[in-house]
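Enquirer: Take this structure first; my questions come after.
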Amino acid sequence: MFIHKYNNIISIENLLVTWERFLRGKRKKKGVIIFQAKLGDNINDLYYLLQTRTYKHGEYSAFNVSDPKPRNIHKATVRDRLLHHLIYKELYPYFDQRFIYDSYSCRKKKGTHRALDRFQYFARKVSKNNTRTCYVLKGDIKKFFASIDHDVLYKILRRHIEDEEMHWLIKQVISSFHTTKIGVGLPLGNLTSQLFVNIYMHEFDMFVKQELRVKYYIRYADDFAILSDNENYLEELLLKMEKFLNEKLKLKLHENKVYIKTYASGVDFLGWVHFPYHRQIRTSTKRKIIRKLKGYPKPETVNSYRGLLGHGDTYKLRKYIKNKNGVEI
């Protein structure tokens with residue numbers, strides 16, 4: 001069980017430590033500068049609201065990004081984001097050690113590249129070094145963040161956290177947002193949302209690993225893949241997983257993004273199309289990179305894409321970008 005007590009967590013000292021963490025990479029942001037100008041007063045005010053349990057989460061500001069598909073991001077105030085960081089700082093270590101090894105989203109020492117390498121490792125194991133047919137079940141949750149059920153999430157958290165005041169605090173954050181239906185949905189943009197969806201989907205991970213006894217399973221957020229040398233076995237798994245998601249987590253698989261196909265035919269997973277002897281970057285990602293590197297891109301943008309393209313067969317793309325945009329990548 002998570003044993004840390006609410007009063008220790010919300011202390012002024014802990015709020016100040018969290019503020020220093022929160023500041024990283026944000027010192028020049030307007031809202032952060034304003035909050036920092038009266039830091040003592042703002043921290044004391046937040047502490048008073050938390051101590052008296054009169055804290056109310058503020059409104060969100062919404063904006064759209066293309067990533068490469070359109071996403072609606074909801075941004076909380078600096079005060080509320082500081083609280084999100086506090087909750088995350090306290091809860092993450094406890095839950096992270098309980099997550100399965102092959103959950104890769106928003107975790108330290110995990111991430112996309114490790115998930116890609118793990119997928120490739122699994123494929124070699126199942127295919128006996130590409131000498132046998134390897135089938136891949138690829139799944140995706142429909143409207144993932146927008147479909148998280150608050151009551152289901154509360155019940156999961158209650159199994160781990162005893163302190164009633166901590167439940168009250170967490171509920172202030174979770175209930176601060178909903179989609180078209182009250183009590184459903186988490187905001188893309190909250191640091192806490194990244195942790196809460198992993199806690200939520202850990203229930204699915206445990207079902208897959210412990211009840212279905214699946215050996216070669218990888219999940220990154222709402223994307224998951226299972227590898228096997230038996231296509232019928234994967235079809236049977238799919239029915240059981242779909243039933244569990246619907247009944248236990250109130251989630252649905254995306255009907256257009258769930259399939260079973262051979263590894264040799266090319267499997268699209270986490271932005272790359274995987275083949276037995278190489279992987280190619282997804283076409284939509286390729287277009288985004290070309291667009292982002294037009295004109296005079298920032299050095300950090302170039303370095304970011306250079307790192308990304310180093311994880312697959314991208315020689316032709318890098319050559320094209322150099323010839324068309326004049327950017328060495």
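Residue names in the structure tokens use chain letters A, B, ... in the order shown, residue numbers from 1 in each chain, and ligand numbers from 1 in the order shown.
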Can you pull out every residue within 12 Å of stretch 132-136 of chain A, counting only C-alpha atoms, but drop anything in the same chain fewer than 5 positions away, and send it as an mmCIF file with N, CA, C and O atoms, in the first residue's frame?

Expert:
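Below is the file that was written, result-v8.cif:
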```cif
data_model
loop_
_atom_site.group_PDB
_atom_site.id
_atom_site.type_symbol
_atom_site.label_atom_id
_atom_site.label_comp_id
_atom_site.auth_asym_id
_atom_site.auth_seq_id
_atom_site.Cartn_x
_atom_site.Cartn_y
_atom_site.Cartn_z
ATOM 1 N N PHE A 119 10.264 -4.865 -29.373
ATOM 2 C CA PHE A 119 9.419 -5.457 -30.403
ATOM 3 C C PHE A 119 10.272 -6.289 -31.361
ATOM 4 O O PHE A 119 9.928 -7.430 -31.705
ATOM 5 N N GLN A 120 11.394 -5.724 -31.778
ATOM 6 C CA GLN A 120 12.292 -6.416 -32.697
ATOM 7 C C GLN A 120 12.872 -7.685 -32.061
ATOM 8 O O GLN A 120 12.977 -8.733 -32.707
ATOM 9 N N PHE A 122 11.443 -9.481 -29.636
ATOM 10 C CA PHE A 122 10.355 -10.460 -29.572
ATOM 11 C C PHE A 122 10.147 -11.130 -30.936
ATOM 12 O O PHE A 122 9.920 -12.338 -31.023
ATOM 13 N N ALA A 123 10.202 -10.327 -32.002
ATOM 14 C CA ALA A 123 9.975 -10.862 -33.346
ATOM 15 C C ALA A 123 11.047 -11.884 -33.720
ATOM 16 O O ALA A 123 10.746 -12.911 -34.341
ATOM 17 N N ARG A 124 12.282 -11.610 -33.339
ATOM 18 C CA ARG A 124 13.356 -12.573 -33.619
ATOM 19 C C ARG A 124 13.147 -13.870 -32.846
ATOM 20 O O ARG A 124 13.391 -14.960 -33.361
ATOM 21 N N LYS A 125 12.688 -13.735 -31.588
ATOM 22 C CA LYS A 125 12.446 -14.931 -30.757
ATOM 23 C C LYS A 125 11.331 -15.795 -31.350
ATOM 24 O O LYS A 125 11.481 -17.010 -31.487
ATOM 25 N N VAL A 126 10.212 -15.144 -31.682
ATOM 26 C CA VAL A 126 9.055 -15.886 -32.187
ATOM 27 C C VAL A 126 9.343 -16.503 -33.555
ATOM 28 O O VAL A 126 8.944 -17.643 -33.834
ATOM 29 N N SER A 127 10.050 -15.777 -34.407
ATOM 30 C CA SER A 127 10.318 -16.247 -35.768
ATOM 31 C C SER A 127 11.551 -17.145 -35.849
ATOM 32 O O SER A 127 11.923 -17.569 -36.941
ATOM 33 N N TYR A 216 4.762 -12.708 -25.207
ATOM 34 C CA TYR A 216 5.359 -11.636 -26.014
ATOM 35 C C TYR A 216 4.357 -10.498 -26.220
ATOM 36 O O TYR A 216 3.658 -10.425 -27.235
ATOM 37 N N TYR A 217 4.280 -9.643 -25.217
ATOM 38 C CA TYR A 217 3.307 -8.541 -25.177
ATOM 39 C C TYR A 217 4.032 -7.237 -24.850
ATOM 40 O O TYR A 217 4.871 -7.186 -23.947
ATOM 41 N N ILE A 218 3.711 -6.184 -25.595
ATOM 42 C CA ILE A 218 4.288 -4.848 -25.378
ATOM 43 C C ILE A 218 3.161 -3.834 -25.405
ATOM 44 O O ILE A 218 2.266 -3.903 -26.261
ATOM 45 N N PHE A 224 -0.772 -1.502 -28.306
ATOM 46 C CA PHE A 224 -0.165 -2.733 -27.808
ATOM 47 C C PHE A 224 0.032 -3.726 -28.948
ATOM 48 O O PHE A 224 -0.631 -3.654 -29.981
ATOM 49 N N ALA A 225 0.977 -4.622 -28.737
ATOM 50 C CA ALA A 225 1.274 -5.644 -29.741
ATOM 51 C C ALA A 225 1.542 -6.967 -29.039
ATOM 52 O O ALA A 225 2.173 -7.003 -27.977
ATOM 53 N N ILE A 226 1.054 -8.048 -29.643
ATOM 54 C CA ILE A 226 1.319 -9.398 -29.155
ATOM 55 C C ILE A 226 1.853 -10.208 -30.333
ATOM 56 O O ILE A 226 1.287 -10.162 -31.431
ATOM 57 N N LEU A 227 2.921 -10.936 -30.105
ATOM 58 C CA LEU A 227 3.559 -11.708 -31.168
ATOM 59 C C LEU A 227 3.445 -13.198 -30.876
ATOM 60 O O LEU A 227 3.589 -13.632 -29.725
ATOM 61 N N SER A 228 3.187 -13.981 -31.931
ATOM 62 C CA SER A 228 3.035 -15.424 -31.773
ATOM 63 C C SER A 228 3.268 -16.107 -33.120
ATOM 64 O O SER A 228 3.146 -15.487 -34.178
ATOM 65 N N ASP A 229 3.555 -17.411 -33.069
ATOM 66 C CA ASP A 229 3.686 -18.176 -34.315
ATOM 67 C C ASP A 229 2.360 -18.843 -34.687
ATOM 68 O O ASP A 229 2.280 -19.604 -35.638
ATOM 69 N N ASN A 230 1.281 -18.510 -33.916
ATOM 70 C CA ASN A 230 -0.022 -19.145 -34.122
ATOM 71 C C ASN A 230 -1.091 -18.066 -34.324
ATOM 72 O O ASN A 230 -1.461 -17.360 -33.381
ATOM 73 N N GLU A 231 -1.588 -17.962 -35.527
ATOM 74 C CA GLU A 231 -2.589 -16.930 -35.853
ATOM 75 C C GLU A 231 -3.909 -17.175 -35.130
ATOM 76 O O GLU A 231 -4.547 -16.231 -34.644
ATOM 77 N N ASN A 232 -4.340 -18.423 -35.036
ATOM 78 C CA ASN A 232 -5.602 -18.746 -34.354
ATOM 79 C C ASN A 232 -5.554 -18.374 -32.878
ATOM 80 O O ASN A 232 -6.542 -17.909 -32.307
ATOM 81 N N TYR A 233 -4.407 -18.584 -32.263
ATOM 82 C CA TYR A 233 -4.206 -18.228 -30.857
ATOM 83 C C TYR A 233 -4.422 -16.724 -30.670
ATOM 84 O O TYR A 233 -5.093 -16.295 -29.714
ATOM 85 N N LEU A 234 -3.904 -15.923 -31.572
ATOM 86 C CA LEU A 234 -4.058 -14.464 -31.478
ATOM 87 C C LEU A 234 -5.514 -14.050 -31.664
ATOM 88 O O LEU A 234 -5.996 -13.129 -30.997
ATOM 89 N N GLU A 235 -6.225 -14.738 -32.548
ATOM 90 C CA GLU A 235 -7.643 -14.430 -32.760
ATOM 91 C C GLU A 235 -8.458 -14.724 -31.497
ATOM 92 O O GLU A 235 -9.366 -13.965 -31.143
ATOM 93 N N LEU A 237 -7.227 -14.709 -28.402
ATOM 94 C CA LEU A 237 -6.828 -13.698 -27.428
ATOM 95 C C LEU A 237 -7.593 -12.397 -27.639
ATOM 96 O O LEU A 237 -8.029 -11.756 -26.678
ATOM 97 N N LEU A 238 -7.741 -12.019 -28.889
ATOM 98 C CA LEU A 238 -8.392 -10.749 -29.216
ATOM 99 C C LEU A 238 -9.805 -10.686 -28.657
ATOM 100 O O LEU A 238 -10.213 -9.661 -28.085
ATOM 101 N N VAL A 258 -7.099 -2.326 -35.406
ATOM 102 C CA VAL A 258 -6.820 -3.629 -34.808
ATOM 103 C C VAL A 258 -6.699 -4.644 -35.944
ATOM 104 O O VAL A 258 -7.583 -4.730 -36.789
ATOM 105 N N TYR A 259 -5.574 -5.366 -35.972
ATOM 106 C CA TYR A 259 -5.385 -6.342 -37.042
ATOM 107 C C TYR A 259 -4.383 -7.396 -36.610
ATOM 108 O O TYR A 259 -3.625 -7.223 -35.654
ATOM 109 N N ILE A 260 -4.400 -8.509 -37.348
ATOM 110 C CA ILE A 260 -3.391 -9.554 -37.210
ATOM 111 C C ILE A 260 -2.747 -9.725 -38.578
ATOM 112 O O ILE A 260 -3.441 -9.943 -39.572
ATOM 113 N N LYS A 261 -1.441 -9.606 -38.633
ATOM 114 C CA LYS A 261 -0.743 -9.779 -39.904
ATOM 115 C C LYS A 261 0.643 -10.363 -39.646
ATOM 116 O O LYS A 261 1.108 -10.402 -38.505
ATOM 117 N N THR A 262 1.302 -10.774 -40.707
ATOM 118 C CA THR A 262 2.629 -11.357 -40.549
ATOM 119 C C THR A 262 3.678 -10.254 -40.404
ATOM 120 O O THR A 262 3.553 -9.168 -40.967
ATOM 121 N N TYR A 263 4.692 -10.568 -39.643
ATOM 122 C CA TYR A 263 5.818 -9.659 -39.452
ATOM 123 C C TYR A 263 6.477 -9.350 -40.798
ATOM 124 O O TYR A 263 6.881 -8.207 -41.072
ATOM 125 N N ALA A 264 6.567 -10.355 -41.677
ATOM 126 C CA ALA A 264 7.232 -10.189 -42.978
ATOM 127 C C ALA A 264 6.513 -9.202 -43.883
ATOM 128 O O ALA A 264 7.134 -8.574 -44.759
ATOM 129 N N SER A 265 5.198 -9.020 -43.668
ATOM 130 C CA SER A 265 4.433 -8.115 -44.529
ATOM 131 C C SER A 265 4.543 -6.655 -44.087
ATOM 132 O O SER A 265 4.068 -5.751 -44.761
ATOM 133 N N GLY A 266 5.162 -6.426 -42.927
ATOM 134 C CA GLY A 266 5.344 -5.059 -42.423
ATOM 135 C C GLY A 266 4.296 -4.704 -41.386
ATOM 136 O O GLY A 266 3.098 -4.660 -41.693
ATOM 137 N N VAL A 267 4.732 -4.454 -40.151
ATOM 138 C CA VAL A 267 3.811 -4.141 -39.048
ATOM 139 C C VAL A 267 4.059 -2.712 -38.573
ATOM 140 O O VAL A 267 5.168 -2.358 -38.169
ATOM 141 N N ASP A 268 3.015 -1.893 -38.628
ATOM 142 C CA ASP A 268 3.095 -0.498 -38.202
ATOM 143 C C ASP A 268 2.912 -0.434 -36.689
ATOM 144 O O ASP A 268 1.841 -0.719 -36.170
ATOM 145 N N PHE A 269 3.989 -0.041 -35.996
ATOM 146 C CA PHE A 269 3.949 0.023 -34.529
ATOM 147 C C PHE A 269 4.826 1.173 -34.049
ATOM 148 O O PHE A 269 6.011 1.229 -34.350
ATOM 149 N N HIS A 274 7.708 -2.203 -39.265
ATOM 150 C CA HIS A 274 8.740 -3.188 -38.944
ATOM 151 C C HIS A 274 8.717 -4.354 -39.924
ATOM 152 O O HIS A 274 7.663 -4.918 -40.216
ATOM 153 N N PHE A 275 9.917 -4.720 -40.404
ATOM 154 C CA PHE A 275 10.129 -5.881 -41.267
ATOM 155 C C PHE A 275 11.225 -6.742 -40.635
ATOM 156 O O PHE A 275 11.958 -6.282 -39.737
ATOM 157 N N PRO A 276 11.392 -7.987 -41.110
ATOM 158 C CA PRO A 276 12.399 -8.862 -40.492
ATOM 159 C C PRO A 276 13.825 -8.311 -40.485
ATOM 160 O O PRO A 276 14.568 -8.565 -39.534
#
```

Enquirer: Extract the full set of strand (DSSP E) residues from stretch 54-252 of chain A according to DSSP on the backbone, and format it as a list of chain:residue names.

Expert: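 DSSP on the backbone gives strand (DSSP E) at A:Ser61, A:Ala62, A:Phe63, A:Asn64, A:Val65, A:Ser66, A:Pro70, A:Arg71, A:Asn72, A:Ile73, A:His74, A:Lys75, A:Tyr135, A:Val136, A:Leu137, A:Lys138, A:Gly139, A:Asp140, A:Tyr217, A:Ile218, A:Arg219, A:Tyr220, A:Asp223, A:Phe224, A:Ala225, A:Ile226, A:Leu227, A:Ser228.
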
Enquirer: As a list in words, please: the residues near stretch 43-60 of chain A (cut-off 8 Å, only C-alpha atoms, same-chain neighbours under 3 positions excluded).

Expert: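 Selected residues are Asn7, Ile10, Ser11, Ile12, Leu15, Leu16, Leu39, Gly40, His74, Lys75, Ala76, Thr77, Arg79, Asp80, Gln172, Val173 and Ser176 of chain A.
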
Enquirer: Mind listing the alpha helix (DSSP H) residues of stretch 19-231 of chain A, per DSSP on the backbone, as a VMD selection string?

Expert: chain A and resid 19 to 23 30 to 37 39 to 51 78 to 96 112 to 126 150 to 158 164 to 174 191 to 206 231

Enquirer: Would you list the contacts of A:Arg71 as a PyMOL selection string, taking every protein, DNA or RNA residue within 12 Å and counting only C-alpha atoms, but skipping same-chain residues closer than 5 positions in sequence?

Expert: chain A and resi 62-66+143-146+187-189

Enquirer: Kindly indicate which residue among A:His150, A:His160, A:His167, A:Lys142 lies nearest to A:Lys257, using only C-alpha atoms for the distances.

Expert: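 Looking at the shortest contact to A:Lys257, the residue is A:Lys142.
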
Enquirer: Can you pull out the residues contacting A:Phe207? Cut-off 10 Å, using only C-alpha atoms, and skip same-chain residues under 6 positions away; I want them as an NGL selection string.

Expert: :A and (201 or 213-214 or 240-241 or 244-245)

Enquirer: Residues near stretch 308-310 of chain A, anyone? I mean within 9 Å using only C-alpha atoms, not counting same-chain ones fewer than 4 positions away, as a list in words.

Expert: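 In the requested format, the answer is His113, Ile281, Asn303, Ser304, Thr314, Tyr315, Leu317, Arg318 and Ile329 of chain A.
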